[in-house]
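Student: My structure is below; once you've seen it, I'll send some questions.
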Amino acid sequence: MVRSSSLGYPRIGADREWKKALEAFWAGKLEESEFELQLQEIRLNHLRKQKEKGIDLIPVNDFSYYDHILDTAAMFGIIPERFAFEGGAVPLSVYYGVARGTKNATASEMTKWFNTNYHYIVPELSGASPVITENKPLIAYREAKEKLGIEGKPVIVGPLTFLKLSKGYSASEFDTWLHTLLPLYVQILKELAEEGVQWVQIDEPILVTKLSDADVARLKTIYETFTEAVPGLNIVLQTYFESVDRYADIISLPVQAIGLDFVHGLQGNLEALKTFGFPADKVLGAGVIDGRGIWKASLREKLALLEEITALVPAERLIVQSSSSLLHVPVSTERETKLEPVLKEALAYADEKLTELVLLAKAVLSGRAEIAEELEACDRALQALQESEARSRDDIGQKVVDLRVQQPERSRPFAQRHVAQQAKWQLPLFPTTTIGSFPQSAEVRKARQLWRKGEWNNEQYAAFIRQQIDIWIKLQEEIELDVLVHGEFERTDMVEFFGEKLAGFAFTQNGWVQSYGSRCVKPPVIFGDVAFTGEMTVEETKYAQSRTSRPVKGMLTGPITIMNWSFVRDDIPREDIAYQLAYALRQEVEALESAGIGMIQVDEPAVREGLPLKEEEHAGYLAWAVKAFRIATCTVQDTTQIHTHMCYCEFHDMIDSIEAMDADVISIETSRSHGELIHSFELNTYKLGIGLGVYDIHSPRVPSVEEMTGMIERALRVLDPKLFWINPDCGLKTRGLEETVASLRNMVDATKIARDKHAALI
Ligand code: GLN
Ligand code: ZN
C-alpha cells in the first residue's frame, strides 16, 4: 500500500472564519466557551475534509490558537515570568498575552519561520522551569478519534528545532536545556503510545540548515531516547523547505520514517538519496507536492519523480506527501470565481493539493492508467496556461536574455555623482526626509472604498488624493523637511499597487495565507511575463512637485520586494522574474525622471528575507538581487538621486551587497537595534549616502529631541557626516497625524542641533 499524508492544514478556514473568531474573542465580542466551540468546529471541519479527500495520514495538533511554536512552549509551561503564569493548563489570557502583550507585559518577540512569510513567537527560556502543562497532541488525537473516527497523526515540533528557535540561553547551556526537555517529550510520546497512536510526525525543519557535529550527536541522543523509551511508536522525522544537511547521518537515526522535501530541496535530496541510498528498514515520506506554491503540479512529472524514487525505495515503504505543511497556501480555489478560467484551472490550493496527493499515491500503487483521466485534465490545464498570451511575451523574453549578460551600471561612480548632485540640490548638512507614506487616516481608507465600489469616479478620487497631497506638502514645508514625499495616499499596499498596474499579475479573491497570529495576507500572483504598461506613479508625484520648490522624492517598490511578497510562477527562475520586474520599474524610473522628478526612491525592504536557507546559496541570490536593483535604477542622469530603503536590521552580513546596489542614499530601520548596526559600520566603512532611522515608527510614542540627538551622535561616530541623512525608521502610514507631526518636528529640531554642532567640523 502507498499511503498519502498531509503534514499540516491551513488554520484560517475557507472564509477566514478562524481569523474572525480570534479577533472577535480578543475584542470581547465572543465568550470563551463560544470561542472554543467555534474553533473546535473549524478544526473538525478541516479533519473531515482531509478524510473525505482520502488522505491516509491525517495530521492532528497542527491546528493552533495562534502559532504552533507558542503552543509547544505553552505545552512545556515555558511562559516568561512577566506574565505571572501560575501553573496548570495555560489559560487563554496568558497564551494571548505572550503573543500580543498585555497591559503590564510586553509580548514575546515574533520572527520569520525559516524562509516563509509565516512568523512564530520566539520562546523565552530564561527563568523557565519546564513541566508538561497539558498533553496537547493527545487531546487533539482523542478529539479526532472520538468525534470523527479519525486515527490521527499527532504533529509535534522536535526538540532540536524548538531549542534552536528559542532564546534566553547561552550556547553552553544548550545541552542542559535539551536534557531538561527530553523527559517531557518522552512523557508526551509515552502517553500517545498508550492511547494507541500509530504514527507521530516530529517536525525538525532545522535539519535543512547547517548542522554541527554536536547537533548530529544531539539528534542521536534525542531519537535514541525516544525509541528506547517508547518502542511501539512509529516516528516520522519530518524535514522541509530545503534538502537536509548531513543526509547520511540523518537517515541512520533510529526512527521509522523520514520525511524529505522533494520540491524545495529536490536536487540535494535526490542526489543524496541516489548517492547514499535509503535504509531498508525505514519508510520514506516523499514530499513531492509543493506546500508553498499555489500551482497545480504536473502529475506526469511528479509520477516520473516518484518512479525515480521507487527505483531506490520500494513503493510499499513510500508515503506520498506535501513538501511541507499546507499552512503556507490558501485553502481552496473553489471560491475563486473571478479569475480567468485558464489561470484558475492551473491553481491548486490546500484542498486541491490533497487531491493531487491521493491521485499520486494511487498511481504509484496501481499504475498511471488508474488516473488516466486526471492526468490528461492536468496536462490540459497546465498547457493552456503555458500557451496563454500573457504567459510569455517575446519582447520580455528577449530583454531578459540580454539583461542576464549585462552589467547594469550608473554612468559614473558615486563619488562623482555625489558632487554633481550636491551642486544641483544644494542640500544642507544632514538632509532630512521621510520614508514615503504618511498616515492613512480613516478618511483616506474610506475614500478608497468609495472609489473601489464605484460610488466615486476616478476624478473624484484623484481630487481627494490631490487634497491629501496638498495638506502634507504644506505640513512638510512647515516642519522644514528638506526632501519631501507625496505621501502614498493612493496605495493600500506597496506591492499590490504596482501589481495592479503591471502586466503579468493577477489578484485572487481568496488567496489568503496566515502571516502571523490572526493576520493574513493575500499576495498577488505573478503568472505571466511582467511588463510595464504605462506610468504608475508619475501623476501624483508630479502634482506634489508642482506644489513646492523643495525636491519631492518619487516612490517605487523594488523588484525583489515585489517578487518576494507575491506568489510567483514556477516555470522560470526567480532570477528572471526579478529582471522582468526590474526592467518594468526602470521604465517608471525613467518616466519620473522625464517628468522632472530628480530624486527617486526604490524600496527594497524584502531583500534580506529572501535569503536562501543554505548559506552557500546566499552569494548567488544577493548577486542577482543587487543586479535587479541596478537594472531598475542605472539609466538615470548623474544628478538624479536614487534612494532606497530597507526595514530589517540584521545587515552585518550583507553590507557589501547593500553597497553594491549603488544607491546614492539608503535609509534603514535602526532604532530597535541601533547598537548592533552601528557596530557593523565600525567594521565596514559605508561609502554612500545613508540615513539611519532615528526613531521607531512602530509605536505612537513621540520621541524626544534628546533621544534622537543621542541616536544621531552615535551614528556620526562611525559614519561620514557629509553622507549622513536623518529620517524615521520606516513609512508612517500606520501612525496618527498628531504624533507624526510632533515626532517629525522633534526630528528636525534634533537635526538643527546636530548641524550647529558639526558644521564647524566639516
Ligand atoms: N515607502 C514605503 C512606506 O513608506 C516603505 C515601506 C516599507 O519599507 N515597508 O510605506
Ligand atoms: Zn521600512
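Chain lettering (A, B, ...) mirrors the order of the C-alpha cells, residue numbering begins at 1 for each chain separately, and ligand numbering begins at 1 in order of display.
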Write out as a PyMOL selection string all residues of range 263-329 of chain A that backbone DSSP assigns to helix (DSSP H, G or I).

Tutor: chain A and resi 266-276+299-310+315-317+326-328

Student: Would you give me, as a ChimeraX atom specification, the residues in range 195-290 of chain A that DSSP reads as strand (DSSP E)?

Tutor: /A:199-203,234-238,257-261,283-289

Student: Residues at most 9 Å from ligand 1, using only C-alpha atoms and all ligand atoms? Could they come as a PyMOL selection string?

Tutor: chain A and resi 434-438+487-488+493-494+555-557+601-606+645-648+668-669+729-734

Student: Within 7 Å of Lys53 in chain A, counting only C-alpha atoms, which residues show up once you throw out same-chain ones fewer than 3 positions away? Write them as a CSV table (one decimal) with N, CA, C and O atoms, in the first residue's frame, please.

Tutor:
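This is the output file around-v6.csv:
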```csv
chain,number,residue,atom,x,y,z
A,49,LYS,N,-12.6,17.2,6.1
A,49,LYS,CA,-12.2,17.5,4.7
A,49,LYS,C,-11.1,16.6,4.3
A,49,LYS,O,-11.1,16.0,3.2
A,50,GLN,N,-10.1,16.5,5.1
A,50,GLN,CA,-8.9,15.7,4.7
A,50,GLN,C,-9.3,14.2,4.6
A,50,GLN,O,-8.8,13.5,3.8
A,354,LEU,N,-4.4,18.2,-1.7
A,354,LEU,CA,-4.8,16.9,-1.1
A,354,LEU,C,-5.2,15.9,-2.2
A,354,LEU,O,-4.8,14.8,-2.2
A,355,THR,N,-6.0,16.4,-3.1
A,355,THR,CA,-6.5,15.6,-4.2
A,355,THR,C,-5.3,15.1,-5.0
A,355,THR,O,-5.2,13.9,-5.3
```

Student: Please list as a list in words every residue within 10 Å of Arg701 in chain A, counting only C-alpha atoms and excluding residues in the same chain fewer than 3 positions away.

Tutor: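 Residues near the query, excluding close chain neighbours: Tyr695, Asp696, Ile697, His698, Ser704, Arg735, Glu739, Thr740, Ala742 and Ser743 of chain A.
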
Student: Tell me, as a PyMOL selection string, which residues lie within 8 Å of Cys634 in chain A, counting only C-alpha atoms; anything in the same chain fewer than 5 positions away does not count.

Tutor: chain A and resi 408-411

Student: Go ahead and write the selection's residues with C-alpha atoms as a PDB file, in the first residue's frame.

Tutor:
```
ATOM      1  CA  PRO A 408      23.999  47.448 -15.314  1.00  0.00           C
ATOM      2  CA  GLU A 409      25.899  50.469 -14.075  1.00  0.00           C
ATOM      3  CA  ARG A 410      25.340  54.189 -13.499  1.00  0.00           C
ATOM      4  CA  SER A 411      27.374  56.225 -15.967  1.00  0.00           C
TER       5      SER A 411
END
```

Student: Give me the residues within 12 Å of Arg608 in chain A as a PDB file with N, CA and C atoms, in the first residue's frame, counting only C-alpha atoms and dropping any in the same chain fewer than 3 places off.

Tutor:
```
ATOM      1  N   LYS A 112      10.427  35.425  11.662  1.00  0.00           N
ATOM      2  CA  LYS A 112      10.052  34.632  10.486  1.00  0.00           C
ATOM      3  C   LYS A 112      10.361  33.154  10.650  1.00  0.00           C
ATOM      4  N   ASN A 115      12.303  30.385   5.757  1.00  0.00           N
ATOM      5  CA  ASN A 115      12.224  31.379   4.667  1.00  0.00           C
ATOM      6  C   ASN A 115      10.794  31.614   4.201  1.00  0.00           C
ATOM      7  N   ILE A 560      12.805  43.066  -6.066  1.00  0.00           N
ATOM      8  CA  ILE A 560      12.929  41.895  -5.183  1.00  0.00           C
ATOM      9  C   ILE A 560      11.797  41.886  -4.167  1.00  0.00           C
ATOM     10  N   THR A 561      11.415  43.049  -3.706  1.00  0.00           N
ATOM     11  CA  THR A 561      10.320  43.115  -2.738  1.00  0.00           C
ATOM     12  C   THR A 561       9.005  42.718  -3.401  1.00  0.00           C
ATOM     13  N   ASN A 564       9.265  38.900  -3.757  1.00  0.00           N
ATOM     14  CA  ASN A 564       9.228  38.121  -2.519  1.00  0.00           C
ATOM     15  C   ASN A 564       7.885  38.202  -1.809  1.00  0.00           C
ATOM     16  N   GLU A 604      13.416  48.484  -1.041  1.00  0.00           N
ATOM     17  CA  GLU A 604      13.704  47.046  -1.075  1.00  0.00           C
ATOM     18  C   GLU A 604      13.705  46.425   0.320  1.00  0.00           C
ATOM     19  N   PRO A 605      12.601  46.560   1.065  1.00  0.00           N
ATOM     20  CA  PRO A 605      12.617  46.020   2.425  1.00  0.00           C
ATOM     21  C   PRO A 605      12.707  44.500   2.485  1.00  0.00           C
ATOM     22  N   LEU A 611      16.734  35.711   1.468  1.00  0.00           N
ATOM     23  CA  LEU A 611      17.974  34.917   1.501  1.00  0.00           C
ATOM     24  C   LEU A 611      17.650  33.425   1.567  1.00  0.00           C
ATOM     25  N   PRO A 612      18.298  32.635   0.726  1.00  0.00           N
ATOM     26  CA  PRO A 612      18.057  31.189   0.770  1.00  0.00           C
ATOM     27  C   PRO A 612      18.467  30.605   2.130  1.00  0.00           C
ATOM     28  N   LEU A 613      17.888  29.458   2.477  1.00  0.00           N
ATOM     29  CA  LEU A 613      18.230  28.831   3.757  1.00  0.00           C
ATOM     30  C   LEU A 613      19.663  28.312   3.775  1.00  0.00           C
ATOM     31  N   HIS A 618      23.692  32.013  -0.574  1.00  0.00           N
ATOM     32  CA  HIS A 618      23.481  33.439  -0.304  1.00  0.00           C
ATOM     33  C   HIS A 618      24.098  34.339  -1.362  1.00  0.00           C
ATOM     34  N   TYR A 621      22.224  34.480  -4.710  1.00  0.00           N
ATOM     35  CA  TYR A 621      20.972  35.238  -4.609  1.00  0.00           C
ATOM     36  C   TYR A 621      21.252  36.741  -4.512  1.00  0.00           C
ATOM     37  N   LEU A 622      22.170  37.095  -3.624  1.00  0.00           N
ATOM     38  CA  LEU A 622      22.444  38.525  -3.434  1.00  0.00           C
ATOM     39  C   LEU A 622      22.960  39.156  -4.724  1.00  0.00           C
ATOM     40  N   ALA A 625      19.987  39.789  -6.872  1.00  0.00           N
ATOM     41  CA  ALA A 625      19.097  40.777  -6.245  1.00  0.00           C
ATOM     42  C   ALA A 625      19.679  42.184  -6.435  1.00  0.00           C
ATOM     43  N   VAL A 626      20.967  42.296  -6.223  1.00  0.00           N
ATOM     44  CA  VAL A 626      21.635  43.584  -6.408  1.00  0.00           C
ATOM     45  C   VAL A 626      21.537  44.006  -7.866  1.00  0.00           C
ATOM     46  N   HIS A 645      15.331  52.040   0.444  1.00  0.00           N
ATOM     47  CA  HIS A 645      15.000  51.902   1.857  1.00  0.00           C
ATOM     48  C   HIS A 645      14.886  50.428   2.200  1.00  0.00           C
ATOM     49  N   MET A 646      15.377  50.066   3.366  1.00  0.00           N
ATOM     50  CA  MET A 646      15.244  48.691   3.857  1.00  0.00           C
ATOM     51  C   MET A 646      14.771  48.736   5.300  1.00  0.00           C
ATOM     52  N   CYS A 647      13.948  47.766   5.668  1.00  0.00           N
ATOM     53  CA  CYS A 647      13.368  47.793   7.010  1.00  0.00           C
ATOM     54  C   CYS A 647      14.173  47.013   8.035  1.00  0.00           C
ATOM     55  N   TYR A 648      14.673  45.912   7.635  1.00  0.00           N
ATOM     56  CA  TYR A 648      15.150  44.981   8.636  1.00  0.00           C
ATOM     57  C   TYR A 648      16.549  45.320   9.084  1.00  0.00           C
ATOM     58  N   CYS A 649      16.877  44.924  10.308  1.00  0.00           N
ATOM     59  CA  CYS A 649      18.093  45.475  10.888  1.00  0.00           C
ATOM     60  C   CYS A 649      19.318  44.576  10.841  1.00  0.00           C
ATOM     61  N   GLU A 650      19.155  43.291  10.567  1.00  0.00           N
ATOM     62  CA  GLU A 650      20.348  42.436  10.581  1.00  0.00           C
ATOM     63  C   GLU A 650      21.125  42.551   9.271  1.00  0.00           C
ATOM     64  N   PHE A 651      21.936  43.581   9.209  1.00  0.00           N
ATOM     65  CA  PHE A 651      22.602  43.857   7.946  1.00  0.00           C
ATOM     66  C   PHE A 651      24.066  43.477   7.923  1.00  0.00           C
ATOM     67  N   HIS A 652      24.584  43.131   9.117  1.00  0.00           N
ATOM     68  CA  HIS A 652      26.034  42.973   9.222  1.00  0.00           C
ATOM     69  C   HIS A 652      26.614  42.046   8.153  1.00  0.00           C
ATOM     70  N   ASP A 653      25.843  41.002   7.797  1.00  0.00           N
ATOM     71  CA  ASP A 653      26.411  40.046   6.844  1.00  0.00           C
ATOM     72  C   ASP A 653      26.122  40.416   5.396  1.00  0.00           C
ATOM     73  N   MET A 654      25.489  41.565   5.168  1.00  0.00           N
ATOM     74  CA  MET A 654      25.217  41.889   3.766  1.00  0.00           C
ATOM     75  C   MET A 654      25.503  43.344   3.401  1.00  0.00           C
ATOM     76  N   ILE A 655      26.315  43.985   4.205  1.00  0.00           N
ATOM     77  CA  ILE A 655      26.622  45.388   3.911  1.00  0.00           C
ATOM     78  C   ILE A 655      27.273  45.536   2.532  1.00  0.00           C
ATOM     79  N   SER A 657      26.672  43.852  -0.125  1.00  0.00           N
ATOM     80  CA  SER A 657      25.629  43.814  -1.149  1.00  0.00           C
ATOM     81  C   SER A 657      24.844  45.112  -1.171  1.00  0.00           C
ATOM     82  N   ILE A 658      24.597  45.663  -0.001  1.00  0.00           N
ATOM     83  CA  ILE A 658      23.856  46.920   0.047  1.00  0.00           C
ATOM     84  C   ILE A 658      24.644  48.008  -0.670  1.00  0.00           C
TER      85      ILE A 658
END
```

Student: Provide the CA of Ile222 in chain A to CA of Leu318 in chain A distance in Å, to one decimal place.

Tutor: 24.3 Å

Student: List the neighbours of range 79-84 of chain A out to 12 Å using only C-alpha atoms; skip same-chain residues closer than 3 positions along the sequence, and give me the result as an NGL selection string.

Tutor: :A and (70-76 or 87-109 or 121-131 or 133 or 166-168)

Student: Take the residues from that selection and write them out as a PDB file, in the first residue's frame, keeping C-alpha atoms.

Tutor:
```
ATOM      1  CA  LEU A  70       3.890  29.179  21.034  1.00  0.00           C
ATOM      2  CA  ASP A  71       1.759  26.046  21.550  1.00  0.00           C
ATOM      3  CA  THR A  72       4.865  23.975  22.109  1.00  0.00           C
ATOM      4  CA  ALA A  73       6.252  26.480  24.598  1.00  0.00           C
ATOM      5  CA  ALA A  74       2.885  26.593  26.374  1.00  0.00           C
ATOM      6  CA  MET A  75       2.731  22.801  26.461  1.00  0.00           C
ATOM      7  CA  PHE A  76       6.016  22.857  28.387  1.00  0.00           C
ATOM      8  CA  GLY A  87       0.981  26.583  36.503  1.00  0.00           C
ATOM      9  CA  GLY A  88      -1.628  24.168  35.229  1.00  0.00           C
ATOM     10  CA  ALA A  89      -3.058  24.382  31.722  1.00  0.00           C
ATOM     11  CA  VAL A  90      -2.101  27.759  30.233  1.00  0.00           C
ATOM     12  CA  PRO A  91      -5.202  29.978  30.235  1.00  0.00           C
ATOM     13  CA  LEU A  92      -6.061  31.799  27.025  1.00  0.00           C
ATOM     14  CA  SER A  93      -5.439  35.139  28.713  1.00  0.00           C
ATOM     15  CA  VAL A  94      -1.818  34.156  29.323  1.00  0.00           C
ATOM     16  CA  TYR A  95      -1.430  32.451  25.956  1.00  0.00           C
ATOM     17  CA  TYR A  96      -2.596  35.529  24.074  1.00  0.00           C
ATOM     18  CA  GLY A  97      -0.695  37.743  26.477  1.00  0.00           C
ATOM     19  CA  VAL A  98       2.575  36.164  25.373  1.00  0.00           C
ATOM     20  CA  ALA A  99       1.578  36.525  21.729  1.00  0.00           C
ATOM     21  CA  ARG A 100       0.167  40.039  21.806  1.00  0.00           C
ATOM     22  CA  GLY A 101       1.256  41.669  25.054  1.00  0.00           C
ATOM     23  CA  THR A 102      -0.881  42.747  27.989  1.00  0.00           C
ATOM     24  CA  LYS A 103      -1.276  45.996  29.878  1.00  0.00           C
ATOM     25  CA  ASN A 104       1.606  45.041  32.128  1.00  0.00           C
ATOM     26  CA  ALA A 105       3.837  42.897  29.983  1.00  0.00           C
ATOM     27  CA  THR A 106       5.250  43.222  26.505  1.00  0.00           C
ATOM     28  CA  ALA A 107       4.635  40.447  24.014  1.00  0.00           C
ATOM     29  CA  SER A 108       7.322  37.940  23.179  1.00  0.00           C
ATOM     30  CA  GLU A 109       9.316  38.606  20.050  1.00  0.00           C
ATOM     31  CA  ILE A 121       6.535  33.563  18.655  1.00  0.00           C
ATOM     32  CA  VAL A 122      10.072  33.116  19.944  1.00  0.00           C
ATOM     33  CA  PRO A 123      10.099  31.056  23.168  1.00  0.00           C
ATOM     34  CA  GLU A 124      11.968  32.690  26.044  1.00  0.00           C
ATOM     35  CA  LEU A 125      13.777  30.073  28.093  1.00  0.00           C
ATOM     36  CA  SER A 126      15.471  32.242  30.687  1.00  0.00           C
ATOM     37  CA  GLY A 127      13.952  31.628  34.085  1.00  0.00           C
ATOM     38  CA  ALA A 128      11.673  28.862  32.833  1.00  0.00           C
ATOM     39  CA  SER A 129      11.219  25.554  34.669  1.00  0.00           C
ATOM     40  CA  PRO A 130       9.568  23.354  32.070  1.00  0.00           C
ATOM     41  CA  VAL A 131       6.774  20.981  33.022  1.00  0.00           C
ATOM     42  CA  THR A 133       1.025  21.687  31.335  1.00  0.00           C
ATOM     43  CA  SER A 166      14.208  29.678  21.268  1.00  0.00           C
ATOM     44  CA  LYS A 167      16.173  32.393  23.014  1.00  0.00           C
ATOM     45  CA  GLY A 168      17.228  33.279  26.508  1.00  0.00           C
TER      46      GLY A 168
END
```

Student: Give me, please, the distance in Å between CA of Val2 in chain A and CA of Glu316 in chain A, quoted to one decimal.

Tutor: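 Going from CA of Val2 in chain A over to CA of Glu316 in chain A, I get 5.7 Å.
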
Student: Work out how far apart CA of Ile156 in chain A and CA of Trp199 in chain A are and give it in Å to one decimal.

Tutor: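 Interatomic distance here is 11.3 Å.
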
Student: Counting only C-alpha atoms, which residue out of A:Ala663, A:Leu592, A:Leu184, A:Val530 sits closest to Gly77 in chain A?

Tutor: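 Nearest candidate to Gly77 in chain A out of A:Ala663, A:Leu592, A:Leu184, A:Val530: A:Leu184.
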
Student: Have a look at A:Lys20, A:Lys501, A:Lys399, A:Lys282 and name the one nearest to Phe35 in chain A; count only C-alpha atoms.

Tutor: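 Result for the nearest residue to Phe35 in chain A: A:Lys20.
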
Student: Given the choices A:Met536, A:Val400, A:Ile597, A:Pro524, which gets closest to Leu484 in chain A if the distance is worked out from only C-alpha atoms?

Tutor: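 Among A:Met536, A:Val400, A:Ile597, A:Pro524, it is A:Ile597 that comes nearest to Leu484 in chain A.
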
Student: Which residue, A:Leu233, A:Ile258, A:Ile469, A:Ala217, has the smallest gap to Leu189 in chain A when you use only C-alpha atoms?

Tutor: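 Answer, going by the shortest atom-to-atom distance: A:Leu233.
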